[in-house]
Amino acid sequence: MQTSAPGKLILCGEHAVVYQRPAIAIPLRDVRATITIAPAAPGSGLTVKAPELRAVWRLQAQEPLSALASMTLDYLKLAEPDVELTIASALPIASGMGSGAAVGTALVRALAYVAGRTLDAASIAELVYTSERAFHGTPSGIDNTVVAYEQPIWFQRQAAGPPLIAPLEVGGPWTLVVADTGVASSTHAVVGDLRARWQADPAPYERSFDAVAALVVQVRAALGGSDGAALGALLNRNHELLVELGVSAAQLDTLVAAARSAGAWGAKMSGAGWGGVMLALVAPAIAATVAEALRTAGAARTWITHLERTP
Ligand code: PMV
């Protein structure tokens with residue numbers, strides 16, 4: 001038996017989302033983390049294996065996945081089962097594609113399966129968020145939410161109470177080319193650096209966050225329509241604001257420029273920045289050409305993905 005969860009991309013609004021502005025995220029349905037569940041000898045307890053990382057964890061380890069597993073067993077009121085969970089993930093780590101949230105979500109689903117239960121998206125997102133907060137500071141919660149819901153979402157933190165989460169209408173259909181700079185980046189470090197600069201001088205950052213929020217509103221409308229050039233222009237503008245916020249990087253700017261030169265309607269970095277991935281919105285006919293241009297410009301890996309029209 002296997003469980004899985006998708007990767008994700010932030011289409012518009014990263015960083016500003018930490019400061020209670022809205023953001024839009026989409027699942028990457030065809031790039032997933034998978035967990036294989038196998039029974040283990042009686043009394044052997046729970047083992048989590050990540051062969052790609054050459055890692056093996058037991059339940060008591062001081063490590064994010066072990067902590068999430070303990071929390072999930074408590075939530076399910078399930079005693080430690082005798083099972084072996086093996087992780088395989090197609091998502092690069094620390095790259096803005098939601099690898100941590102995808103593995104966490106697949107893990108919660110695996111333990112729910114062992115308990116003979118199916119958990120709803122909100123409960124899964126909450127469990128993964130609680131464990132991410134324990135190990136990664138103050139994430140907005142957008143990653144675990146879009147991964148657990150597995151649909152395009154509008155996400156906005158509130159001053160108090162739960163975040164506003166709404167599924168979005170998708171027009172298009174849209175084709176995206178995603179490219180990884182190959183530079184791993186710590187979300188915690190980038191978010192912390194921006195927070196320190198915002199604390200020292202909030203006004204210009206607040207203005208940029210408001211400009212991002214206005215764009216996110218426009219992106220929601222454009223995403224529901226079918227004008228690629230219009231949606232692309234908004235993504236371009238979001239990239240410029242992220243550059244102003246000091247979270248882009250030379251490699252990201254190079255890939256964004258290469259995608260635009262190759263004919264993309266728009267391109268931007270996606271996620272925390274300083275490394276990780278960028279995305280380009282393209283006409284389907286030029287997707288392969290844009291992916292090739294991105295690899296020529298230095299991308300370590302590229303993916304072509306589609307956002308289907310909502311019925
Ligand atoms: O995990 P990443 O790299 O996709 O970054 C998350 C997006 C941020 O807005 C930068 C942080 C957050 O918690 O929302």
# chains A, B, ... in the order shown; residues from 1 in each chain; ligands from 1
$ residues_near_ligand --ligand "ligand 1" --cutoff "7 Å" --atoms "only C-alpha atoms and all ligand atoms" --output "PyMOL selection string"
chain A and resi 9-10+14-18+94-98+138-143+187+191+270-273
$ select_by_dssp --residues "region 150-293 of chain A" --states "helix (DSSP H, G or I)" --output "JSON, numbers by chain"
{"A": [187, 188, 189, 190, 191, 192, 193, 194, 195, 196, 197, 198, 199, 200, 202, 203, 204, 205, 206, 207, 208, 209, 210, 211, 212, 213, 214, 215, 216, 217, 218, 219, 220, 221, 222, 223, 224, 228, 229, 230, 231, 232, 233, 234, 235, 236, 237, 238, 239, 240, 241, 242, 243, 244, 250, 251, 252, 253, 254, 255, 256, 257, 258, 259, 260, 261, 284, 285, 286, 287, 288, 289, 290, 291, 292, 293]}
$ closest_residue --among "A:Arg117, A:Pro152, A:Pro27, A:Cys12" --to "Gly266 (chain A)" --atoms "only C-alpha atoms"
A:Cys12
$ closest_residue --among "A:Asp210, A:Gly104, A:Ala25, A:Arg133" --to "Val48 (chain A)" --atoms "only C-alpha atoms"
A:Gly104
$ residues_around --residues "region 291-296 of chain A" --least-positions-apart "2" --cutoff "9 Å" --atoms "only C-alpha atoms" --output "number ranges by chain"
A: 177-179, 254-256, 258-259, 261-262, 286-289, 298-304
$ atom_distance --atom1 "CA of Ala23 (chain A)" --atom2 "CA of Gln158 (chain A)"
12.6 Å
$ select_by_dssp --residues "region 93-193 of chain A" --states "strand (DSSP E)" --output "ChimeraX atom specification"
/A:153-156,164-167,174-180
$ residues_around --residues "Leu235 (chain A)" --least-positions-apart "2" --cutoff "7 Å" --atoms "only C-alpha atoms" --output "VMD selection string"
chain A and resid 12 231 to 233 237 to 239 266 to 268
$ closest_residue --among "A:Leu65, A:Ala79, A:Ile87, A:Ile26" --to "Thr3 (chain A)" --atoms "only C-alpha atoms"
A:Ile87
$ closest_residue --among "A:Met278, A:Ala101, A:Leu119, A:Ala33" --to "Thr72 (chain A)" --atoms "only C-alpha atoms"
A:Leu119
$ residues_around --residues "Ala106 (chain A)" --least-positions-apart "6" --cutoff "9 Å" --atoms "only C-alpha atoms" --output "PyMOL selection string"
chain A and resi 2-6+33-35+87+148
$ atom_distance --atom1 "CA of Val216 (chain A)" --atom2 "CA of Met269 (chain A)"
14.9 Å
$ residues_around --residues "Pro167 (chain A)" --least-positions-apart "5" --cutoff "9 Å" --atoms "only C-alpha atoms" --output "short mmCIF file (atom, residue, chain, number, x, y, z; two decimals) with N, CA and C atoms, in the first residue's frame"
data_model
loop_
_atom_site.label_atom_id
_atom_site.label_comp_id
_atom_site.auth_asym_id
_atom_site.auth_seq_id
_atom_site.Cartn_x
_atom_site.Cartn_y
_atom_site.Cartn_z
N TYR A 149 -4.86 20.04 0.51
CA TYR A 149 -6.11 20.23 -0.25
C TYR A 149 -5.96 19.78 -1.71
N GLN A 151 -5.51 21.41 -4.38
CA GLN A 151 -6.17 22.22 -5.41
C GLN A 151 -5.68 23.66 -5.28
N PRO A 152 -5.81 24.44 -6.36
CA PRO A 152 -5.35 25.83 -6.29
C PRO A 152 -6.11 26.56 -5.19
N ILE A 153 -5.37 27.30 -4.37
CA ILE A 153 -6.03 27.97 -3.24
C ILE A 153 -5.62 29.43 -3.10
N TRP A 154 -6.56 30.17 -2.56
CA TRP A 154 -6.34 31.52 -2.04
C TRP A 154 -6.10 31.33 -0.56
N PHE A 155 -5.03 31.96 -0.03
CA PHE A 155 -4.67 31.74 1.38
C PHE A 155 -4.33 33.07 2.01
#
$ atom_distance --atom1 "CA of Leu252 (chain A)" --atom2 "CA of Leu279 (chain A)"
9.8 Å
$ closest_residue --among "A:Leu28, A:Val56, A:Leu242, A:Ala249" --to "Ser185 (chain A)" --atoms "only C-alpha atoms"
A:Ala249
